[in-house]
>>> print(open('start-v8.cif').read())   # mmCIF, C-alpha atoms and all ligand atoms
data_structure
loop_
_atom_site.label_atom_id
_atom_site.label_comp_id
_atom_site.auth_asym_id
_atom_site.auth_seq_id
_atom_site.Cartn_x
_atom_site.Cartn_y
_atom_site.Cartn_z
CA MET E 195 -83.55 -16.33 -125.37
CA ARG E 196 -84.45 -19.50 -127.24
CA GLU E 197 -87.55 -21.48 -126.23
CA GLU E 198 -85.58 -24.58 -125.17
CA SER E 199 -83.80 -22.74 -122.38
CA LYS E 200 -87.20 -22.09 -120.77
CA ASN E 201 -86.93 -25.18 -118.61
CA ILE E 202 -87.58 -25.29 -114.90
CA LEU E 203 -83.90 -25.44 -114.07
CA ASN E 204 -83.47 -21.96 -115.44
CA PRO E 205 -84.36 -19.58 -112.59
CA GLU E 206 -84.66 -16.71 -115.04
CA TYR E 207 -88.02 -18.06 -116.22
CA LEU E 208 -89.31 -19.41 -112.95
CA PRO E 209 -91.78 -17.44 -110.86
CA LYS E 210 -90.16 -15.31 -108.15
CA HIS E 211 -93.22 -15.66 -105.96
CA ILE E 212 -95.59 -18.63 -105.80
CA GLY E 213 -98.76 -18.70 -103.74
CA ILE E 214 -100.53 -21.95 -102.89
CA ILE E 215 -104.00 -22.44 -101.44
CA MET E 216 -103.41 -25.71 -99.62
CA ASP E 217 -106.91 -27.11 -100.02
CA GLY E 218 -108.48 -30.56 -100.05
CA ASN E 219 -107.17 -32.10 -96.82
CA GLY E 220 -110.64 -32.88 -95.51
CA ARG E 221 -111.78 -34.60 -98.70
CA TRP E 222 -108.55 -36.59 -98.91
CA ALA E 223 -109.26 -38.01 -95.46
CA THR E 224 -112.99 -38.53 -96.02
CA ASN E 225 -112.22 -40.45 -99.24
CA ARG E 226 -110.23 -42.88 -97.09
CA ASN E 227 -112.77 -43.07 -94.27
CA LEU E 228 -110.35 -41.26 -92.02
CA PRO E 229 -111.06 -38.30 -89.72
CA ARG E 230 -110.45 -34.91 -91.39
CA PHE E 231 -107.54 -34.33 -89.06
CA MET E 232 -105.57 -37.10 -90.80
CA GLY E 233 -105.85 -35.12 -94.02
CA HIS E 234 -104.38 -32.06 -92.33
CA LYS E 235 -101.58 -34.20 -90.93
CA GLU E 236 -100.73 -35.68 -94.32
CA GLY E 237 -101.06 -32.21 -95.87
CA SER E 238 -98.48 -30.83 -93.45
CA LEU E 239 -95.94 -33.30 -94.89
CA ARG E 240 -96.50 -31.86 -98.36
CA VAL E 241 -95.60 -28.43 -96.97
CA LEU E 242 -92.16 -29.80 -96.26
CA ASP E 243 -91.82 -31.40 -99.71
CA ILE E 244 -92.94 -28.26 -101.52
CA VAL E 245 -90.74 -25.89 -99.49
CA LYS E 246 -87.77 -28.16 -100.27
CA LYS E 247 -88.61 -28.25 -103.96
CA CYS E 248 -88.96 -24.47 -104.20
CA TYR E 249 -85.69 -24.08 -102.30
CA GLU E 250 -83.90 -26.41 -104.73
CA LEU E 251 -85.32 -24.46 -107.65
CA LYS E 252 -84.20 -21.19 -106.01
CA ILE E 253 -87.69 -19.73 -105.94
CA PRO E 254 -87.23 -16.85 -103.50
CA TYR E 255 -90.81 -16.35 -102.22
CA LEU E 256 -93.41 -18.96 -101.37
CA THR E 257 -96.73 -18.04 -99.75
CA LEU E 258 -98.79 -20.87 -98.26
CA PHE E 259 -102.42 -20.35 -97.26
CA ALA E 260 -102.75 -22.26 -93.99
CA PHE E 261 -105.73 -20.69 -92.19
CA SER E 262 -108.14 -18.08 -93.47
CA THR E 263 -110.12 -15.45 -91.59
CA GLU E 264 -113.17 -17.53 -92.59
CA ASN E 265 -111.81 -20.82 -91.24
CA TRP E 266 -112.85 -19.83 -87.69
CA THR E 267 -116.35 -20.94 -88.70
CA ARG E 268 -115.17 -24.58 -88.56
CA PRO E 269 -115.85 -26.78 -85.52
CA GLU E 270 -113.69 -25.74 -82.56
CA SER E 271 -112.02 -29.17 -82.42
CA GLU E 272 -110.82 -28.87 -86.04
CA VAL E 273 -109.48 -25.35 -85.47
CA LYS E 274 -107.67 -26.56 -82.36
CA ASN E 275 -106.18 -29.51 -84.24
CA LEU E 276 -105.01 -27.29 -87.07
CA PHE E 277 -103.18 -24.96 -84.69
CA LEU E 278 -101.64 -27.88 -82.78
CA LEU E 279 -100.37 -29.31 -86.02
CA LEU E 280 -99.00 -25.96 -87.10
CA ARG E 281 -97.15 -25.45 -83.86
CA GLY E 282 -95.68 -28.95 -83.99
CA PHE E 283 -94.62 -28.39 -87.58
CA ILE E 284 -92.90 -25.08 -86.92
CA GLU E 285 -91.09 -26.36 -83.84
CA LYS E 286 -89.93 -29.50 -85.64
CA TYR E 287 -88.54 -27.81 -88.74
CA ILE E 288 -87.54 -24.28 -87.76
CA ASP E 289 -83.90 -25.17 -87.06
CA GLU E 290 -83.55 -26.92 -90.39
CA MET E 291 -85.11 -23.92 -92.13
CA ASN E 292 -82.74 -21.63 -90.30
CA GLU E 293 -79.69 -23.74 -91.22
CA ASN E 294 -80.74 -23.44 -94.84
CA GLU E 295 -81.09 -19.66 -94.50
CA ILE E 296 -84.85 -19.71 -95.01
CA ARG E 297 -86.82 -16.91 -93.44
CA LEU E 298 -90.17 -17.85 -91.96
CA ASN E 299 -92.68 -15.03 -92.17
CA VAL E 300 -96.32 -14.92 -91.16
CA ILE E 301 -98.91 -12.91 -93.02
CA GLY E 302 -102.20 -12.34 -91.27
CA ASP E 303 -103.28 -11.29 -87.81
CA ILE E 304 -101.85 -13.63 -85.19
CA SER E 305 -103.03 -11.53 -82.25
CA PRO E 306 -106.13 -13.71 -81.57
CA LEU E 307 -104.05 -16.90 -81.37
CA LYS E 308 -103.36 -18.59 -78.05
CA GLU E 309 -100.28 -17.24 -76.32
CA ASP E 310 -98.15 -20.40 -76.55
CA LEU E 311 -98.66 -20.67 -80.31
CA ARG E 312 -98.09 -16.94 -80.78
CA LYS E 313 -94.86 -17.09 -78.77
CA SER E 314 -93.64 -20.08 -80.74
CA ILE E 315 -94.35 -18.24 -84.00
CA GLU E 316 -92.73 -15.04 -82.78
CA ASN E 317 -89.57 -16.90 -81.72
CA SER E 318 -89.35 -18.54 -85.14
CA LEU E 319 -89.80 -15.23 -86.94
CA GLU E 320 -87.11 -13.67 -84.79
CA LEU E 321 -84.72 -16.59 -85.28
CA THR E 322 -84.94 -16.53 -89.06
CA LYS E 323 -85.51 -12.82 -89.73
CA ASN E 324 -82.11 -12.16 -91.32
CA ASN E 325 -82.11 -15.19 -93.61
CA LYS E 326 -81.77 -14.31 -97.26
CA LYS E 327 -82.05 -17.43 -99.39
CA MET E 328 -85.82 -17.82 -99.37
CA VAL E 329 -88.90 -16.39 -97.69
CA VAL E 330 -91.73 -18.72 -96.73
CA ASN E 331 -94.86 -16.75 -95.88
CA ILE E 332 -97.43 -18.70 -93.91
CA ALA E 333 -100.83 -17.07 -94.31
CA LEU E 334 -102.40 -17.52 -90.91
CA ASN E 335 -105.66 -15.96 -89.87
CA TYR E 336 -105.21 -14.24 -93.19
CA GLY E 337 -107.82 -12.72 -95.48
CA GLY E 338 -107.10 -10.65 -98.56
CA GLN E 339 -109.92 -8.25 -97.69
CA ASP E 340 -108.72 -7.95 -94.09
CA GLU E 341 -105.21 -7.13 -95.30
CA ILE E 342 -106.43 -4.34 -97.57
CA ILE E 343 -108.57 -2.88 -94.75
CA MET E 344 -105.63 -3.15 -92.30
CA ALA E 345 -103.36 -1.29 -94.72
CA THR E 346 -106.00 1.36 -95.38
CA LYS E 347 -106.44 1.99 -91.65
CA LYS E 348 -102.69 2.39 -91.14
CA ILE E 349 -102.47 4.81 -94.05
CA ALA E 350 -105.43 6.79 -92.70
CA GLU E 351 -103.63 7.04 -89.35
CA GLU E 352 -100.53 8.42 -91.03
CA VAL E 353 -102.60 10.96 -92.93
CA LYS E 354 -104.38 11.96 -89.72
CA LYS E 355 -101.05 12.47 -87.97
CA GLY E 356 -99.87 14.63 -90.84
CA ASN E 357 -97.08 12.23 -91.88
CA LEU E 358 -98.58 11.52 -95.28
CA LEU E 359 -100.58 13.54 -97.79
CA PRO E 360 -103.47 11.84 -99.63
CA GLU E 361 -101.85 12.72 -102.96
CA GLU E 362 -98.70 10.88 -101.87
CA ILE E 363 -100.53 7.54 -101.68
CA SER E 364 -99.15 5.67 -104.67
CA LYS E 365 -99.14 1.99 -105.54
CA GLU E 366 -95.71 1.77 -103.88
CA THR E 367 -96.94 3.52 -100.73
CA PHE E 368 -99.96 1.25 -100.48
CA GLU E 369 -97.89 -1.90 -101.01
CA SER E 370 -95.50 -0.91 -98.24
CA TYR E 371 -98.40 -1.24 -95.74
CA LEU E 372 -99.34 -4.77 -96.81
CA TYR E 373 -98.07 -7.86 -94.99
CA THR E 374 -96.00 -8.58 -98.10
CA ALA E 375 -94.23 -5.20 -98.09
CA HIS E 376 -91.00 -5.29 -100.14
CA GLN E 377 -91.84 -8.66 -101.65
CA PRO E 378 -92.38 -9.20 -105.38
CA PRO E 379 -95.93 -9.63 -106.69
CA MET E 380 -97.30 -13.16 -106.89
CA ASP E 381 -96.36 -14.57 -110.29
CA LEU E 382 -98.14 -17.88 -109.92
CA MET E 383 -101.15 -18.81 -107.81
CA VAL E 384 -101.78 -22.53 -107.44
CA ARG E 385 -104.97 -24.06 -106.12
CA PRO E 386 -105.36 -27.79 -105.80
CA SER E 387 -108.62 -29.57 -104.78
CA GLY E 388 -110.71 -28.74 -107.83
CA GLU E 389 -112.23 -25.52 -106.51
CA LEU E 390 -112.07 -22.66 -109.00
CA ARG E 391 -111.98 -19.73 -106.62
CA VAL E 392 -109.50 -17.64 -104.67
CA SER E 393 -111.28 -17.82 -101.27
CA ASN E 394 -110.01 -14.44 -100.04
CA PHE E 395 -106.33 -15.24 -100.63
CA THR E 396 -103.86 -12.49 -101.62
CA LEU E 397 -106.32 -10.30 -103.53
CA TYR E 398 -103.96 -7.38 -104.06
CA GLN E 399 -100.81 -9.39 -104.82
CA MET E 400 -102.62 -11.54 -107.42
CA ALA E 401 -103.43 -8.65 -109.74
CA TYR E 402 -101.27 -10.20 -112.49
CA SER E 403 -100.78 -13.74 -111.21
CA GLU E 404 -101.03 -16.68 -113.54
CA PHE E 405 -103.60 -19.08 -112.08
CA TRP E 406 -103.08 -22.83 -112.05
CA PHE E 407 -105.87 -25.07 -110.84
CA SER E 408 -105.75 -28.82 -110.32
CA ASP E 409 -108.09 -31.55 -109.08
CA VAL E 410 -105.28 -33.07 -107.03
CA LEU E 411 -106.00 -32.78 -103.31
CA TRP E 412 -103.32 -31.07 -101.22
CA PRO E 413 -102.13 -34.26 -99.43
CA ASP E 414 -101.43 -35.71 -102.91
CA PHE E 415 -99.63 -32.58 -104.11
CA THR E 416 -96.13 -33.92 -104.75
CA PRO E 417 -93.15 -31.96 -106.11
CA GLU E 418 -93.97 -33.56 -109.51
CA VAL E 419 -97.33 -31.77 -109.49
CA LEU E 420 -95.54 -28.51 -108.76
CA GLU E 421 -93.18 -29.18 -111.67
CA LYS E 422 -96.20 -29.58 -113.92
CA ALA E 423 -97.55 -26.22 -112.72
CA LEU E 424 -94.19 -24.59 -113.34
CA GLY E 425 -93.93 -26.08 -116.82
CA ASP E 426 -97.37 -24.69 -117.68
CA TYR E 427 -96.49 -21.33 -116.13
CA MET E 428 -93.40 -21.04 -118.31
CA SER E 429 -95.35 -21.82 -121.47
CA ARG E 430 -97.69 -18.88 -120.89
CA ASN E 431 -97.31 -15.51 -122.46
CA ARG E 432 -97.56 -12.86 -119.74
CA ARG E 433 -98.45 -9.56 -121.35
CA PHE E 434 -99.25 -7.28 -118.37
CA GLY E 435 -101.62 -5.32 -120.55
CA GLY E 436 -99.16 -4.92 -123.42
CA ILE E 437 -99.40 -6.52 -126.85
C1 LIG U 1 -107.46 -27.11 -96.44
O1 LIG U 1 -108.18 -28.28 -96.50
C2 LIG U 1 -106.96 -26.79 -95.06
C3 LIG U 1 -107.57 -25.59 -94.46
C4 LIG U 1 -108.48 -24.85 -94.99
C5 LIG U 1 -107.09 -25.22 -93.15
P1 LIG U 1 -109.72 -28.33 -96.14
O2 LIG U 1 -109.86 -28.64 -94.71
O3 LIG U 1 -110.43 -27.10 -96.58
O4 LIG U 1 -110.17 -29.56 -97.02
P2 LIG U 1 -111.54 -29.73 -97.78
O5 LIG U 1 -111.72 -28.56 -98.67
O6 LIG U 1 -112.60 -29.81 -96.74
O7 LIG U 1 -111.38 -31.01 -98.55
C1 LIG U 2 -109.02 -21.86 -98.40
O1 LIG U 2 -109.62 -23.10 -98.32
C2 LIG U 2 -108.23 -21.56 -97.17
C3 LIG U 2 -107.07 -22.40 -96.95
C4 LIG U 2 -106.61 -23.34 -97.73
C5 LIG U 2 -106.35 -22.12 -95.74
P1 LIG U 2 -111.13 -23.26 -97.81
O2 LIG U 2 -111.42 -24.70 -97.83
O3 LIG U 2 -111.30 -22.54 -96.53
O4 LIG U 2 -111.94 -22.47 -98.94
P2 LIG U 2 -113.44 -22.62 -99.43
O5 LIG U 2 -114.30 -22.66 -98.20
O6 LIG U 2 -113.51 -23.88 -100.21
O7 LIG U 2 -113.68 -21.42 -100.29
MG MG U 3 -111.37 -26.59 -98.30
#
>>> encode(input="start-v8.cif", output="C-alpha cells")
Amino acid sequence: MREESKNILNPEYLPKHIGIIMDGNGRWATNRNLPRFMGHKEGSLRVLDIVKKCYELKIPYLTLFAFSTENWTRPESEVKNLFLLLRGFIEKYIDEMNENEIRLNVIGDISPLKEDLRKSIENSLELTKNNKKMVVNIALNYGGQDEIIMATKKIAEEVKKGNLLPEEISKETFESYLYTAHQPPMDLMVRPSGELRVSNFTLYQMAYSEFWFSDVLWPDFTPEVLEKALGDYMSRNRRFGGI
C-alpha cells in the first residue's frame, strides 16, 4: 500500500484498540483557581467527544482509565465526587450509546463500589452487552497488577480443580482470564498531562503498544489532539521484534 493512503480515514491503518490515561483534571482546575472537581467535570465532557471521534473513525476498542486501584488514597470527598460524576455520565449517555450500538464494558473490580453505582453500571453493561459496533472499556477500580493477580488466582483455581494442566497455560489461556478477554491488544496508549509513566494501567495489554505522550491536560484533550496522536501512530514502524 502506498504511503499516502495511510491517512486517518483509512481504518486499515488505524489502531484497533486505543487506551487513554485521562490525566490532568486536577491541574486544569487548579490553573484556573477552580476546585479540582471542576476539572473532573470538564474532563467528563472530553470522554464524550473522544468516544464520538473514535466511533466516527470506526476504532472498535477504546479503553479509558477512569479510576485506579491507587486513587482510593485521595480525599474521600474527591473519590465521592468522581463516582457521582461517573454515575451521572453513564445514566445520561447510556441510551445514546446503545442506539449507536456501542457496548459499555467495565474493567476492574467494581465489587467495593456503593450499591447504587454498581447497579447502575450493571444495568448499563446488561443493556449494551450485545452491541457490536464499538466497545468502550471504562477502567474503574482498575490496576494492571491487580488484573494479572486476579487472572493468576482464577487459573490456579482451575488447576486445583483439575480443569486445567499447568502445561496448558499458554498466552491465549492467560489472556482469556483478563478483563479484556477476546479483545485485541492495545495498539496505542495515550497519556496526556505531561507525566511519562503508565501508573499501573493495562500492563499486560501494552506489551507492544505504541506510546504517545502529550503535555495537554485531559480537559483540553480535543478530537484534534487525538487526530495528532493517530497521525503520529501511523507514521511509526511497528516491528514486533522483527526486522
Ligand atoms: C485524572 O486527573 C483523573 C483521575 C485520576 C481520576 P487527576 O485528578 O489525576 O489530575 P491531576 O493529575 O491531579 O492534574
Ligand atoms: C492515573 O492517573 C489514573 C487515572 C487517570 C485514572 P493518576 O493521576 O492517578 O496517576 P499518577 O498518580 O500521576 O501516577
Ligand atoms: Mg493525575
>>> closest_residue(input="start-v8.cif", among="E:Tyr427, E:Leu228, E:Arg433, E:Gln399", to="Ile202 (chain E)", atoms="only C-alpha atoms")
E:Tyr427
>>> residues_near_ligand(input="start-v8.cif", ligand="ligand LIG 2 (chain U)", cutoff="6 Å", atoms="only C-alpha atoms and all ligand atoms", output="PDB file with C-alpha atoms, in the coordinates of the input")
ATOM      1  CA  ILE E 215    -104.000 -22.440-101.440  1.00  0.00           C
ATOM      2  CA  MET E 216    -103.410 -25.710 -99.620  1.00  0.00           C
ATOM      3  CA  ASP E 217    -106.910 -27.110-100.020  1.00  0.00           C
ATOM      4  CA  PHE E 259    -102.420 -20.350 -97.260  1.00  0.00           C
ATOM      5  CA  ALA E 260    -102.750 -22.260 -93.990  1.00  0.00           C
ATOM      6  CA  PHE E 261    -105.730 -20.690 -92.190  1.00  0.00           C
ATOM      7  CA  SER E 262    -108.140 -18.080 -93.470  1.00  0.00           C
ATOM      8  CA  ASN E 265    -111.810 -20.820 -91.240  1.00  0.00           C
ATOM      9  CA  SER E 393    -111.280 -17.820-101.270  1.00  0.00           C
TER      10      SER E 393
END
>>> residues_near_ligand(input="start-v8.cif", ligand="ligand MG 3 (chain U)", cutoff="8 Å", atoms="all atoms listed in the file", output="mmCIF file with C-alpha atoms, in the frame of the given file")
data_model
loop_
_atom_site.group_PDB
_atom_site.id
_atom_site.type_symbol
_atom_site.label_atom_id
_atom_site.label_comp_id
_atom_site.auth_asym_id
_atom_site.auth_seq_id
_atom_site.Cartn_x
_atom_site.Cartn_y
_atom_site.Cartn_z
ATOM 1 C CA ASP E 217 -106.910 -27.110 -100.020
ATOM 2 C CA GLY E 218 -108.480 -30.560 -100.050
ATOM 3 C CA ASN E 219 -107.170 -32.100 -96.820
ATOM 4 C CA GLY E 220 -110.640 -32.880 -95.510
ATOM 5 C CA SER E 387 -108.620 -29.570 -104.780
#
>>> closest_residue(input="start-v8.cif", among="E:Thr367, E:Asn292, E:Asn394, E:Asn317", to="ligand LIG 1 (chain U)", atoms="all atoms listed in the file")
E:Asn394
>>> closest_residue(input="start-v8.cif", among="E:Asp414, E:Glu341, E:Glu316, E:Asp289", to="ligand LIG 1 (chain U)", atoms="only C-alpha atoms and all ligand atoms")
E:Asp414
>>> residues_near_point(input="start-v8.cif", point="(-107.9, -1.9, -94.5)", cutoff="12 Å", atoms="all atoms listed in the file", output="PyMOL selection string")
chain E and resi 337-351+368-369+371-373+398
>>> residues_around(input="start-v8.cif", residues="Lys422 (chain E)", least_positions_apart="6", cutoff="12 Å", atoms="only C-alpha atoms", output="ChimeraX atom specification")
/E:201-202,384,406-408,410,415-416,428-429
>>> build_atoms(input="start-v8.cif", residues="region 401-412 of chain E", atoms="all heavy atoms", output="PDB file, keeping the file's coordinate frame")
ATOM      1  N   ALA E 401    -102.902  -9.457-108.632  1.00  0.00           N
ATOM      2  CA  ALA E 401    -103.430  -8.650-109.740  1.00  0.00           C
ATOM      3  C   ALA E 401    -102.996  -9.200-111.101  1.00  0.00           C
ATOM      4  O   ALA E 401    -103.787  -9.233-112.043  1.00  0.00           O
ATOM      5  CB  ALA E 401    -102.990  -7.200-109.577  1.00  0.00           C
ATOM      6  N   TYR E 402    -101.750  -9.648-111.218  1.00  0.00           N
ATOM      7  CA  TYR E 402    -101.270 -10.200-112.490  1.00  0.00           C
ATOM      8  C   TYR E 402    -100.741 -11.622-112.370  1.00  0.00           C
ATOM      9  O   TYR E 402     -99.943 -12.068-113.198  1.00  0.00           O
ATOM     10  CB  TYR E 402    -100.241  -9.268-113.142  1.00  0.00           C
ATOM     11  CG  TYR E 402    -100.875  -8.451-114.236  1.00  0.00           C
ATOM     12  CD1 TYR E 402    -101.154  -7.103-114.079  1.00  0.00           C
ATOM     13  CD2 TYR E 402    -101.255  -9.070-115.425  1.00  0.00           C
ATOM     14  CE1 TYR E 402    -101.780  -6.373-115.073  1.00  0.00           C
ATOM     15  CE2 TYR E 402    -101.880  -8.357-116.426  1.00  0.00           C
ATOM     16  CZ  TYR E 402    -102.142  -7.009-116.242  1.00  0.00           C
ATOM     17  OH  TYR E 402    -102.763  -6.302-117.236  1.00  0.00           O
ATOM     18  N   SER E 403    -101.208 -12.341-111.352  1.00  0.00           N
ATOM     19  CA  SER E 403    -100.780 -13.740-111.210  1.00  0.00           C
ATOM     20  C   SER E 403    -101.291 -14.582-112.361  1.00  0.00           C
ATOM     21  O   SER E 403    -102.402 -14.370-112.849  1.00  0.00           O
ATOM     22  CB  SER E 403    -101.375 -14.377-109.955  1.00  0.00           C
ATOM     23  OG  SER E 403    -100.854 -13.828-108.795  1.00  0.00           O
ATOM     24  N   GLU E 404    -100.519 -15.594-112.709  1.00  0.00           N
ATOM     25  CA  GLU E 404    -101.030 -16.680-113.540  1.00  0.00           C
ATOM     26  C   GLU E 404    -101.702 -17.651-112.582  1.00  0.00           C
ATOM     27  O   GLU E 404    -101.153 -17.969-111.523  1.00  0.00           O
ATOM     28  CB  GLU E 404     -99.882 -17.373-114.279  1.00  0.00           C
ATOM     29  CG  GLU E 404     -99.186 -16.489-115.290  1.00  0.00           C
ATOM     30  CD  GLU E 404    -100.088 -16.058-116.440  1.00  0.00           C
ATOM     31  OE1 GLU E 404    -100.976 -16.839-116.826  1.00  0.00           O
ATOM     32  OE2 GLU E 404     -99.909 -14.927-116.936  1.00  0.00           O
ATOM     33  N   PHE E 405    -102.881 -18.135-112.952  1.00  0.00           N
ATOM     34  CA  PHE E 405    -103.600 -19.080-112.080  1.00  0.00           C
ATOM     35  C   PHE E 405    -103.413 -20.499-112.597  1.00  0.00           C
ATOM     36  O   PHE E 405    -103.457 -20.732-113.801  1.00  0.00           O
ATOM     37  CB  PHE E 405    -105.108 -18.751-112.077  1.00  0.00           C
ATOM     38  CG  PHE E 405    -105.470 -17.538-111.255  1.00  0.00           C
ATOM     39  CD1 PHE E 405    -104.507 -16.689-110.736  1.00  0.00           C
ATOM     40  CD2 PHE E 405    -106.807 -17.244-111.004  1.00  0.00           C
ATOM     41  CE1 PHE E 405    -104.855 -15.570-109.974  1.00  0.00           C
ATOM     42  CE2 PHE E 405    -107.169 -16.127-110.244  1.00  0.00           C
ATOM     43  CZ  PHE E 405    -106.199 -15.298-109.732  1.00  0.00           C
ATOM     44  N   TRP E 406    -103.194 -21.406-111.684  1.00  0.00           N
ATOM     45  CA  TRP E 406    -103.080 -22.830-112.050  1.00  0.00           C
ATOM     46  C   TRP E 406    -103.913 -23.658-111.092  1.00  0.00           C
ATOM     47  O   TRP E 406    -103.654 -23.699-109.894  1.00  0.00           O
ATOM     48  CB  TRP E 406    -101.612 -23.270-111.996  1.00  0.00           C
ATOM     49  CG  TRP E 406    -101.355 -24.563-112.699  1.00  0.00           C
ATOM     50  CD1 TRP E 406    -101.140 -24.753-114.037  1.00  0.00           C
ATOM     51  CD2 TRP E 406    -101.275 -25.874-112.100  1.00  0.00           C
ATOM     52  NE1 TRP E 406    -100.933 -26.085-114.308  1.00  0.00           N
ATOM     53  CE2 TRP E 406    -101.006 -26.795-113.136  1.00  0.00           C
ATOM     54  CE3 TRP E 406    -101.397 -26.363-110.800  1.00  0.00           C
ATOM     55  CZ2 TRP E 406    -100.854 -28.168-112.917  1.00  0.00           C
ATOM     56  CZ3 TRP E 406    -101.259 -27.725-110.570  1.00  0.00           C
ATOM     57  CH2 TRP E 406    -100.986 -28.614-111.626  1.00  0.00           C
ATOM     58  N   PHE E 407    -104.953 -24.266-111.666  1.00  0.00           N
ATOM     59  CA  PHE E 407    -105.870 -25.070-110.840  1.00  0.00           C
ATOM     60  C   PHE E 407    -105.674 -26.550-111.143  1.00  0.00           C
ATOM     61  O   PHE E 407    -105.330 -26.911-112.273  1.00  0.00           O
ATOM     62  CB  PHE E 407    -107.315 -24.676-111.152  1.00  0.00           C
ATOM     63  CG  PHE E 407    -107.661 -23.270-110.725  1.00  0.00           C
ATOM     64  CD1 PHE E 407    -107.686 -22.228-111.641  1.00  0.00           C
ATOM     65  CD2 PHE E 407    -107.952 -22.989-109.395  1.00  0.00           C
ATOM     66  CE1 PHE E 407    -108.010 -20.926-111.245  1.00  0.00           C
ATOM     67  CE2 PHE E 407    -108.281 -21.700-108.991  1.00  0.00           C
ATOM     68  CZ  PHE E 407    -108.308 -20.670-109.916  1.00  0.00           C
ATOM     69  N   SER E 408    -105.891 -27.376-110.132  1.00  0.00           N
ATOM     70  CA  SER E 408    -105.750 -28.820-110.320  1.00  0.00           C
ATOM     71  C   SER E 408    -106.742 -29.556-109.433  1.00  0.00           C
ATOM     72  O   SER E 408    -107.085 -29.081-108.352  1.00  0.00           O
ATOM     73  CB  SER E 408    -104.321 -29.226-109.963  1.00  0.00           C
ATOM     74  OG  SER E 408    -104.255 -30.602-109.699  1.00  0.00           O
ATOM     75  N   ASP E 409    -107.183 -30.722-109.890  1.00  0.00           N
ATOM     76  CA  ASP E 409    -108.090 -31.550-109.080  1.00  0.00           C
ATOM     77  C   ASP E 409    -107.377 -32.325-107.988  1.00  0.00           C
ATOM     78  O   ASP E 409    -108.015 -32.912-107.114  1.00  0.00           O
ATOM     79  CB  ASP E 409    -108.838 -32.553-109.978  1.00  0.00           C
ATOM     80  CG  ASP E 409    -109.874 -31.859-110.849  1.00  0.00           C
ATOM     81  OD1 ASP E 409    -110.302 -30.737-110.484  1.00  0.00           O
ATOM     82  OD2 ASP E 409    -110.243 -32.426-111.894  1.00  0.00           O
ATOM     83  N   VAL E 410    -106.061 -32.361-108.057  1.00  0.00           N
ATOM     84  CA  VAL E 410    -105.280 -33.070-107.030  1.00  0.00           C
ATOM     85  C   VAL E 410    -105.601 -32.467-105.668  1.00  0.00           C
ATOM     86  O   VAL E 410    -105.729 -31.258-105.535  1.00  0.00           O
ATOM     87  CB  VAL E 410    -103.769 -32.910-107.345  1.00  0.00           C
ATOM     88  CG1 VAL E 410    -102.910 -33.379-106.182  1.00  0.00           C
ATOM     89  CG2 VAL E 410    -103.402 -33.663-108.614  1.00  0.00           C
ATOM     90  N   LEU E 411    -105.761 -33.297-104.668  1.00  0.00           N
ATOM     91  CA  LEU E 411    -106.000 -32.780-103.310  1.00  0.00           C
ATOM     92  C   LEU E 411    -104.654 -32.489-102.653  1.00  0.00           C
ATOM     93  O   LEU E 411    -103.654 -33.162-102.949  1.00  0.00           O
ATOM     94  CB  LEU E 411    -106.801 -33.809-102.491  1.00  0.00           C
ATOM     95  CG  LEU E 411    -108.162 -34.206-103.116  1.00  0.00           C
ATOM     96  CD1 LEU E 411    -108.793 -35.368-102.343  1.00  0.00           C
ATOM     97  CD2 LEU E 411    -109.124 -33.013-103.156  1.00  0.00           C
ATOM     98  N   TRP E 412    -104.615 -31.502-101.766  1.00  0.00           N
ATOM     99  CA  TRP E 412    -103.320 -31.070-101.220  1.00  0.00           C
ATOM    100  C   TRP E 412    -102.446 -32.214-100.677  1.00  0.00           C
ATOM    101  O   TRP E 412    -101.252 -32.271-100.961  1.00  0.00           O
ATOM    102  CB  TRP E 412    -103.496 -29.935-100.202  1.00  0.00           C
ATOM    103  CG  TRP E 412    -102.201 -29.557 -99.563  1.00  0.00           C
ATOM    104  CD1 TRP E 412    -101.819 -29.777 -98.277  1.00  0.00           C
ATOM    105  CD2 TRP E 412    -101.071 -28.930-100.218  1.00  0.00           C
ATOM    106  NE1 TRP E 412    -100.529 -29.335 -98.076  1.00  0.00           N
ATOM    107  CE2 TRP E 412    -100.051 -28.815 -99.254  1.00  0.00           C
ATOM    108  CE3 TRP E 412    -100.819 -28.484-101.524  1.00  0.00           C
ATOM    109  CZ2 TRP E 412     -98.807 -28.244 -99.536  1.00  0.00           C
ATOM    110  CZ3 TRP E 412     -99.577 -27.922-101.818  1.00  0.00           C
ATOM    111  CH2 TRP E 412     -98.595 -27.805-100.830  1.00  0.00           C
TER     112      TRP E 412
END
